[in-house]
Every structure is written in C-alpha cells, then in structure tokens.
$ cat input.cif   # mmCIF, C-alpha atoms
data_my_file
loop_
_atom_site.group_PDB
_atom_site.id
_atom_site.type_symbol
_atom_site.label_atom_id
_atom_site.label_comp_id
_atom_site.auth_asym_id
_atom_site.auth_seq_id
_atom_site.Cartn_x
_atom_site.Cartn_y
_atom_site.Cartn_z
ATOM 1 C CA TRP E 1154 1.540 -103.568 -39.185
ATOM 2 C CA PRO E 1155 0.162 -104.580 -35.731
ATOM 3 C CA SER E 1156 3.637 -103.921 -34.242
ATOM 4 C CA MET E 1157 3.684 -100.440 -35.771
ATOM 5 C CA LEU E 1158 0.217 -99.725 -34.406
ATOM 6 C CA LYS E 1159 1.225 -100.923 -30.953
ATOM 7 C CA ALA E 1160 4.375 -98.787 -31.007
ATOM 8 C CA ALA E 1161 2.259 -95.787 -31.958
ATOM 9 C CA GLY E 1162 -0.103 -96.440 -29.075
ATOM 10 C CA VAL E 1163 -2.986 -97.318 -31.380
ATOM 11 C CA ARG E 1164 -5.310 -100.210 -30.577
ATOM 12 C CA ILE E 1165 -4.349 -103.231 -32.637
ATOM 13 C CA PRO E 1166 -6.967 -105.403 -34.418
ATOM 14 C CA ASP E 1167 -8.698 -108.109 -32.415
ATOM 15 C CA GLN E 1168 -8.119 -110.483 -35.324
ATOM 16 C CA LEU E 1169 -6.865 -110.448 -38.890
ATOM 17 C CA LEU E 1170 -8.940 -111.848 -41.734
ATOM 18 C CA ILE E 1171 -6.602 -112.934 -44.531
ATOM 19 C CA HIS E 1172 -7.789 -114.359 -47.826
ATOM 20 C CA GLY E 1173 -5.991 -117.031 -49.822
ATOM 21 C CA PHE E 1174 -4.771 -117.058 -53.423
ATOM 22 C CA LEU E 1175 -7.065 -117.388 -56.425
ATOM 23 C CA THR E 1176 -5.881 -119.527 -59.315
ATOM 24 C CA SER E 1177 -7.406 -119.842 -62.790
ATOM 25 C CA GLU E 1178 -8.279 -123.268 -64.176
ATOM 26 C CA GLY E 1179 -5.804 -124.790 -61.718
ATOM 27 C CA ASP E 1180 -2.865 -122.541 -62.642
ATOM 28 C CA LYS E 1181 -1.447 -119.346 -61.156
ATOM 29 C CA MET E 1182 -2.904 -116.333 -62.943
ATOM 30 C CA SER E 1183 -0.330 -114.957 -65.342
ATOM 31 C CA LYS E 1184 -0.372 -112.560 -68.274
ATOM 32 C CA SER E 1185 2.092 -114.800 -70.096
ATOM 33 C CA LEU E 1186 -0.290 -117.768 -69.744
ATOM 34 C CA GLY E 1187 -3.204 -115.599 -70.761
ATOM 35 C CA ASN E 1188 -5.401 -116.991 -67.994
ATOM 36 C CA VAL E 1189 -6.027 -113.826 -65.988
ATOM 37 C CA VAL E 1190 -9.711 -113.510 -65.089
ATOM 38 C CA GLN E 1191 -10.914 -109.947 -65.513
ATOM 39 C CA PRO E 1192 -13.896 -109.090 -63.273
ATOM 40 C CA ASN E 1193 -15.373 -106.967 -66.067
ATOM 41 C CA ASP E 1194 -15.432 -110.023 -68.359
ATOM 42 C CA VAL E 1195 -17.552 -111.858 -65.789
ATOM 43 C CA LEU E 1196 -19.809 -108.846 -65.275
ATOM 44 C CA GLU E 1197 -20.448 -108.530 -69.009
ATOM 45 C CA LYS E 1198 -21.883 -112.041 -69.083
ATOM 46 C CA PHE E 1199 -24.514 -111.014 -66.535
ATOM 47 C CA ALA E 1200 -25.409 -107.530 -67.786
ATOM 48 C CA GLY E 1201 -23.223 -105.857 -65.162
ATOM 49 C CA ASN E 1202 -24.787 -107.697 -62.212
ATOM 50 C CA PRO E 1203 -22.057 -108.730 -59.713
ATOM 51 C CA ASP E 1204 -24.300 -111.142 -57.785
ATOM 52 C CA PRO E 1205 -23.379 -114.325 -59.741
ATOM 53 C CA ILE E 1206 -19.638 -113.901 -59.198
ATOM 54 C CA ARG E 1207 -20.202 -112.910 -55.571
ATOM 55 C CA PHE E 1208 -22.169 -116.134 -55.133
ATOM 56 C CA PHE E 1209 -19.488 -118.194 -56.864
ATOM 57 C CA LEU E 1210 -16.639 -116.831 -54.750
ATOM 58 C CA SER E 1211 -18.647 -117.105 -51.519
ATOM 59 C CA HIS E 1212 -19.892 -120.633 -52.246
ATOM 60 C CA GLU E 1213 -16.704 -122.120 -53.677
ATOM 61 C CA ILE E 1214 -13.864 -120.576 -51.703
ATOM 62 C CA PRO E 1215 -13.796 -120.753 -47.901
ATOM 63 C CA VAL E 1216 -12.407 -117.536 -46.421
ATOM 64 C CA GLY E 1217 -8.697 -117.934 -45.720
ATOM 65 C CA ASN E 1218 -8.234 -120.830 -48.158
ATOM 66 C CA ASP E 1219 -6.892 -120.830 -51.681
ATOM 67 C CA GLY E 1220 -9.436 -121.249 -54.439
ATOM 68 C CA ASP E 1221 -9.757 -121.775 -58.150
ATOM 69 C CA PHE E 1222 -11.809 -119.920 -60.742
ATOM 70 C CA ALA E 1223 -12.975 -122.088 -63.634
ATOM 71 C CA TRP E 1224 -15.537 -120.970 -66.208
ATOM 72 C CA ASP E 1225 -17.015 -124.488 -66.407
ATOM 73 C CA ARG E 1226 -17.507 -124.636 -62.644
ATOM 74 C CA PHE E 1227 -18.887 -121.094 -62.641
ATOM 75 C CA GLN E 1228 -21.498 -122.039 -65.244
ATOM 76 C CA GLU E 1229 -22.261 -125.307 -63.460
ATOM 77 C CA LEU E 1230 -22.894 -123.489 -60.190
ATOM 78 C CA TYR E 1231 -24.924 -120.723 -61.833
ATOM 79 C CA VAL E 1232 -27.202 -123.106 -63.701
ATOM 80 C CA GLY E 1233 -27.260 -125.960 -61.198
ATOM 81 C CA VAL E 1234 -27.788 -123.969 -58.011
ATOM 82 C CA LEU E 1235 -28.992 -120.442 -58.763
ATOM 83 C CA SER E 1236 -31.227 -121.317 -61.718
ATOM 84 C CA ASN E 1237 -32.323 -124.891 -61.088
ATOM 85 C CA LYS E 1238 -32.464 -125.103 -57.304
ATOM 86 C CA ILE E 1239 -33.410 -121.569 -56.222
ATOM 87 C CA GLY E 1240 -34.806 -119.874 -59.335
ATOM 88 C CA ASN E 1241 -36.859 -122.850 -60.462
ATOM 89 C CA LEU E 1242 -38.363 -123.323 -56.999
ATOM 90 C CA LEU E 1243 -39.340 -119.648 -56.861
ATOM 91 C CA ASN E 1244 -40.901 -119.693 -60.328
ATOM 92 C CA ARG E 1245 -42.882 -122.881 -59.723
ATOM 93 C CA MET E 1246 -44.195 -121.576 -56.420
ATOM 94 C CA LEU E 1247 -45.213 -118.228 -57.955
ATOM 95 C CA VAL E 1248 -47.112 -119.951 -60.777
ATOM 96 C CA LEU E 1249 -49.038 -122.074 -58.273
ATOM 97 C CA LEU E 1250 -49.602 -119.027 -56.095
ATOM 98 C CA GLN E 1251 -51.163 -117.097 -58.976
ATOM 99 C CA LYS E 1252 -53.705 -119.880 -59.372
ATOM 100 C CA GLU E 1253 -54.715 -119.269 -55.747
ATOM 101 C CA GLY E 1254 -55.378 -115.585 -56.352
ATOM 102 C CA GLY E 1255 -51.787 -114.420 -55.934
ATOM 103 C CA ALA E 1256 -51.550 -114.475 -52.138
ATOM 104 C CA VAL E 1257 -51.497 -116.837 -49.151
ATOM 105 C CA ASP E 1258 -51.649 -116.124 -45.432
ATOM 106 C CA VAL E 1259 -48.566 -117.617 -43.790
ATOM 107 C CA SER E 1260 -49.287 -116.127 -40.360
ATOM 108 C CA ARG E 1261 -51.721 -118.877 -39.366
ATOM 109 C CA ASP E 1262 -48.909 -121.419 -38.985
ATOM 110 C CA GLU E 1263 -46.153 -118.987 -38.038
ATOM 111 C CA LYS E 1264 -44.749 -121.190 -35.259
ATOM 112 C CA GLU E 1265 -44.452 -124.153 -37.635
ATOM 113 C CA TRP E 1266 -42.519 -122.082 -40.192
ATOM 114 C CA GLN E 1267 -40.211 -120.714 -37.498
ATOM 115 C CA GLU E 1268 -39.382 -124.262 -36.417
ATOM 116 C CA LEU E 1269 -38.868 -125.197 -40.060
ATOM 117 C CA VAL E 1270 -35.911 -122.820 -40.456
ATOM 118 C CA ALA E 1271 -34.673 -122.463 -36.852
ATOM 119 C CA ASP E 1272 -31.840 -124.987 -37.208
ATOM 120 C CA SER E 1273 -30.719 -123.453 -40.516
ATOM 121 C CA TRP E 1274 -30.550 -119.984 -38.982
ATOM 122 C CA GLU E 1275 -28.630 -121.240 -35.947
ATOM 123 C CA LYS E 1276 -25.971 -122.756 -38.218
ATOM 124 C CA TYR E 1277 -25.991 -119.732 -40.533
ATOM 125 C CA LYS E 1278 -25.381 -117.367 -37.625
ATOM 126 C CA LYS E 1279 -22.509 -119.483 -36.307
ATOM 127 C CA TYR E 1280 -20.893 -119.659 -39.734
ATOM 128 C CA MET E 1281 -21.200 -115.929 -40.443
ATOM 129 C CA GLU E 1282 -19.811 -114.983 -37.028
ATOM 130 C CA THR E 1283 -16.693 -117.066 -37.760
ATOM 131 C CA PHE E 1284 -16.399 -115.786 -41.368
ATOM 132 C CA ASP E 1285 -17.258 -119.233 -42.725
ATOM 133 C CA VAL E 1286 -19.238 -117.687 -45.566
ATOM 134 C CA SER E 1287 -19.024 -120.781 -47.764
ATOM 135 C CA ASN E 1288 -20.939 -122.929 -45.288
ATOM 136 C CA ALA E 1289 -23.349 -120.084 -44.534
ATOM 137 C CA VAL E 1290 -24.295 -119.924 -48.221
ATOM 138 C CA SER E 1291 -24.703 -123.703 -48.193
ATOM 139 C CA GLU E 1292 -27.440 -123.319 -45.565
ATOM 140 C CA ALA E 1293 -29.449 -121.188 -48.001
ATOM 141 C CA VAL E 1294 -28.901 -123.756 -50.747
ATOM 142 C CA ALA E 1295 -29.958 -126.558 -48.386
ATOM 143 C CA LEU E 1296 -33.270 -124.769 -47.757
ATOM 144 C CA ALA E 1297 -33.805 -124.593 -51.515
ATOM 145 C CA VAL E 1298 -33.057 -128.301 -51.849
ATOM 146 C CA SER E 1299 -35.556 -129.170 -49.105
ATOM 147 C CA GLY E 1300 -38.117 -126.897 -50.780
ATOM 148 C CA ASN E 1301 -37.713 -128.726 -54.084
ATOM 149 C CA VAL E 1302 -38.052 -132.069 -52.295
ATOM 150 C CA GLU E 1303 -41.231 -130.806 -50.623
ATOM 151 C CA MET E 1304 -42.558 -129.672 -53.999
ATOM 152 C CA GLU E 1305 -41.938 -133.073 -55.593
ATOM 153 C CA ASN E 1306 -43.186 -135.123 -52.641
ATOM 154 C CA LYS E 1307 -46.324 -133.123 -51.865
ATOM 155 C CA LYS E 1308 -47.171 -132.177 -55.488
ATOM 156 C CA PRO E 1309 -49.258 -129.126 -54.496
ATOM 157 C CA TRP E 1310 -50.662 -128.809 -58.028
ATOM 158 C CA THR E 1311 -52.608 -132.004 -57.341
ATOM 159 C CA LEU E 1312 -53.983 -130.751 -54.003
ATOM 160 C CA GLU E 1313 -56.935 -128.547 -53.192
ATOM 161 C CA GLY E 1314 -58.143 -126.193 -50.477
ATOM 162 C CA GLU E 1315 -56.351 -125.844 -47.151
ATOM 163 C CA GLU E 1316 -53.956 -128.711 -47.834
ATOM 164 C CA LYS E 1317 -52.657 -127.008 -50.968
ATOM 165 C CA ILE E 1318 -52.363 -123.619 -49.261
ATOM 166 C CA HIS E 1319 -50.439 -125.168 -46.362
ATOM 167 C CA VAL E 1320 -47.833 -126.693 -48.674
ATOM 168 C CA LEU E 1321 -47.456 -123.459 -50.647
ATOM 169 C CA CYS E 1322 -47.006 -121.503 -47.413
ATOM 170 C CA GLY E 1323 -44.160 -123.785 -46.340
ATOM 171 C CA ILE E 1324 -42.363 -123.382 -49.666
ATOM 172 C CA ALA E 1325 -42.957 -119.616 -49.729
ATOM 173 C CA GLU E 1326 -41.505 -119.287 -46.237
ATOM 174 C CA ARG E 1327 -38.419 -121.286 -47.218
ATOM 175 C CA LEU E 1328 -37.902 -118.921 -50.141
ATOM 176 C CA ARG E 1329 -38.366 -115.861 -47.916
ATOM 177 C CA HIS E 1330 -35.665 -117.093 -45.565
ATOM 178 C CA ILE E 1331 -33.393 -118.061 -48.470
ATOM 179 C CA SER E 1332 -33.572 -114.472 -49.726
ATOM 180 C CA LEU E 1333 -32.661 -113.157 -46.264
ATOM 181 C CA MET E 1334 -29.680 -115.512 -46.006
ATOM 182 C CA LEU E 1335 -28.491 -114.458 -49.457
ATOM 183 C CA LEU E 1336 -28.857 -110.726 -48.728
ATOM 184 C CA PRO E 1337 -25.216 -110.173 -47.609
ATOM 185 C CA ILE E 1338 -23.955 -112.215 -50.576
ATOM 186 C CA MET E 1339 -26.334 -111.302 -53.407
ATOM 187 C CA PRO E 1340 -28.200 -108.153 -52.345
ATOM 188 C CA ASP E 1341 -29.861 -107.400 -55.689
ATOM 189 C CA THR E 1342 -31.004 -110.999 -56.175
ATOM 190 C CA ALA E 1343 -32.273 -111.243 -52.600
ATOM 191 C CA LYS E 1344 -34.253 -108.044 -52.993
ATOM 192 C CA ARG E 1345 -35.816 -109.139 -56.295
ATOM 193 C CA MET E 1346 -36.746 -112.518 -54.805
ATOM 194 C CA SER E 1347 -38.441 -110.798 -51.880
ATOM 195 C CA GLN E 1348 -40.275 -108.396 -54.174
ATOM 196 C CA GLN E 1349 -41.612 -111.332 -56.180
ATOM 197 C CA LEU E 1350 -42.706 -112.958 -52.939
ATOM 198 C CA GLY E 1351 -44.492 -109.735 -52.020
ATOM 199 C CA VAL E 1352 -43.054 -109.394 -48.518
ATOM 200 C CA SER E 1353 -43.624 -106.022 -46.871
ATOM 201 C CA TYR E 1354 -39.956 -105.114 -46.322
ATOM 202 C CA ALA E 1355 -38.705 -106.036 -49.810
ATOM 203 C CA ASP E 1356 -38.170 -102.527 -51.174
ATOM 204 C CA SER E 1357 -36.018 -101.467 -48.223
ATOM 205 C CA MET E 1358 -33.815 -104.592 -48.028
ATOM 206 C CA THR E 1359 -30.767 -102.934 -49.559
ATOM 207 C CA ASP E 1360 -31.084 -99.608 -47.722
ATOM 208 C CA LYS E 1361 -27.767 -98.677 -46.124
ATOM 209 C CA ASP E 1362 -29.286 -98.213 -42.678
#
$ encode --input "input.cif" --output "structure tokens"
Amino acid sequence: WPSMLKAAGVRIPDQLLIHGFLTSEGDKMSKSLGNVVQPNDVLEKFAGNPDPIRFFLSHEIPVGNDGDFAWDRFQELYVGVLSNKIGNLLNRMLVLLQKEGGAVDVSRDEKEWQELVADSWEKYKKYMETFDVSNAVSEAVALAVSGNVEMENKKPWTLEGEEKIHVLCGIAERLRHISLMLLPIMPDTAKRMSQQLGVSYADSMTDKD
C-alpha cells in the first residue's frame, strides 16, 4: 500500500499502527471450535455500554501485540479494577462528601493537587503519544490504588474540620484526574464520574469539538 501511494505521488504515512491477533481462551477463534467472541454478546451483559470491553482491550492488550479474550479475566478485571478500585473509591468519597454538605473547595491547595498527579500525567502523555494505551490506562488505575490507600490510611470518616476536608479534597482530585485519563478509553464512564464529582465541564466532556 505505501508503495502504491508513493507511485501515485501521494504522501505515504509517517508510521503504520498494526494490531496483533486476538485469541479466545487461549485458542484461535474458530466457528468449528465455537469460541468466537461476538461483540454484541459482550454488550448485552452491560446493557449496550461498550465501555467495559473498551477498558478490557485497552488494559489487557498492548497495541501491536497479540492478546487473549477470556470471560473469567474480563469479569475479574471488571469487578477487581472498575468496581472495586475505581467505583468503590468514588462511592465512598461521595458518601463522605454528602456528610460535609455535598461540596468541598479544592482550589485552596491547587498547587499540592497538581504536584500529586504531575508524574502520572507525564507518564500518561508519553504512553499515549507512543500508542502504549495499556500502560496509559495503568496510570489511571494506579491513581485509584493510591486513592484507596489514602482512604484506608487517613480514615477521613474519623477526622473532623479542615483535616477531614483536606483528605477528601485529595481523593476527589485523584478521581477527577482518573476520569480525564479514562476519557479516551471509556467516554461514557468518564463523563458520569465527572458529573457525580460535580466538576464544571462534566456535561461537555464527550462533545465532538
């Protein structure tokens, strides 16, 4: 194809991005084996929402490498990461936030929160620019892990006043940045997370412009 373009005097691509093969439960997908994974079957399990399978493929299969689709691993990732690490952190923070009147002012310590996620964003940017989507997604997951650690170590439900607000702000900011990192991978989920967090730009996150 590049040779044909060159012969026709058309600018050839700067680089080619080629995906690998996808197997099913360790075997080549085959109608005779009955192990073909139909995207619609996956969508039906999540009420038509493509975000879970987008997350699975992005998290599990580095671009350019071969990968395997296994229902057990899919469920493990969905429950273990999306529900337990990210979803649970969001829900716990929102419950605590409601007890503080439903809102906190994160702007007072803006520089601290920027420093909190600066390294994650630097890595994320590098990974996305080189199409290393798997590791980019892992940066979002790592922020969720650190948020859960912060929740368990600081136990904000036992704190009061400014100390409690400060901890909640740090966790809320992690979640805000997690939703931004997930936006190219799971746009609907990222938008709903941001809406729950009450950030000003939430409703326009998936606008095409």
$ closest_residue --input "input.cif" --among "E:Ser1273, E:Ser1291, E:Lys1317, E:Ala1256" --to "Gly1351 of chain E" --atoms "only C-alpha atoms"
E:Ala1256
$ closest_residue --input "input.cif" --among "E:Ala1271, E:Met1182, E:Met1281, E:Ala1160" --to "Gly1220 of chain E" --atoms "all atoms listed in the file"
E:Met1182
$ atom_distance --input "input.cif" --atom1 "atom CA of Lys1238 of chain E" --atom2 "atom CA of Ser1332 of chain E"
13.1 Å
$ residues_around --input "input.cif" --residues "Asp1258 of chain E" --least-positions-apart "2" --cutoff "9 Å" --atoms "all atoms listed in the file" --output "ChimeraX atom specification"
/E:1256,1260-1262,1318,1322
$ closest_atom_pairs --input "input.cif" --of "segment 1284-1332 of chain E" --to "segment 1345-1348 of chain E" --cutoff "12 Å" --atoms "only C-alpha atoms" --output "JSON lines"
{"residue": "E:Ala1325", "atom": "CA", "partner": "E:Ser1347", "partner_atom": "CA", "distance": 10.1}
{"residue": "E:Glu1326", "atom": "CA", "partner": "E:Ser1347", "partner_atom": "CA", "distance": 10.6}
{"residue": "E:Arg1327", "atom": "CA", "partner": "E:Ser1347", "partner_atom": "CA", "distance": 11.5}
{"residue": "E:Leu1328", "atom": "CA", "partner": "E:Met1346", "partner_atom": "CA", "distance": 8.0}
{"residue": "E:Arg1329", "atom": "CA", "partner": "E:Ser1347", "partner_atom": "CA", "distance": 6.4}
{"residue": "E:His1330", "atom": "CA", "partner": "E:Ser1347", "partner_atom": "CA", "distance": 9.3}
{"residue": "E:Ile1331", "atom": "CA", "partner": "E:Met1346", "partner_atom": "CA", "distance": 9.1}
{"residue": "E:Ser1332", "atom": "CA", "partner": "E:Met1346", "partner_atom": "CA", "distance": 6.3}
$ resolve_selection --input "input.cif" --expression "the PyMOL selection byres ((chain E and resi 1230) around 12)" --output "count of residues only"
27
$ resolve_selection --input "input.cif" --expression "the PyMOL selection byres ((chain E and resi 1359) around 9)" --output "ChimeraX atom specification"
/E:1336,1340-1341,1343-1344,1355-1358,1360-1362
$ resolve_selection --input "input.cif" --expression "the PyMOL selection byres ((chain E and resi 1286) around 8)" --output "PyMOL selection string"
chain E and resi 1211-1212+1215-1216+1280-1281+1284-1285+1287-1290
$ closest_residue --input "input.cif" --among "E:Met1246, E:Pro1192, E:Leu1335, E:Lys1159" --to "Lys1308 of chain E" --atoms "all atoms listed in the file"
E:Met1246
$ closest_residue --input "input.cif" --among "E:Glu1263, E:Glu1292, E:Glu1253, E:Glu1303" --to "Glu1315 of chain E" --atoms "only C-alpha atoms"
E:Glu1253
$ atom_distance --input "input.cif" --atom1 "atom CA of Val1189 of chain E" --atom2 "atom CA of Ile1214 of chain E"
17.6 Å
$ atom_distance --input "input.cif" --atom1 "atom CA of Lys1252 of chain E" --atom2 "atom CA of Gly1323 of chain E"
16.6 Å
$ closest_residue --input "input.cif" --among "E:Met1339, E:Leu1350, E:Leu1242, E:Val1248" --to "Ser1299 of chain E" --atoms "all atoms listed in the file"
E:Leu1242
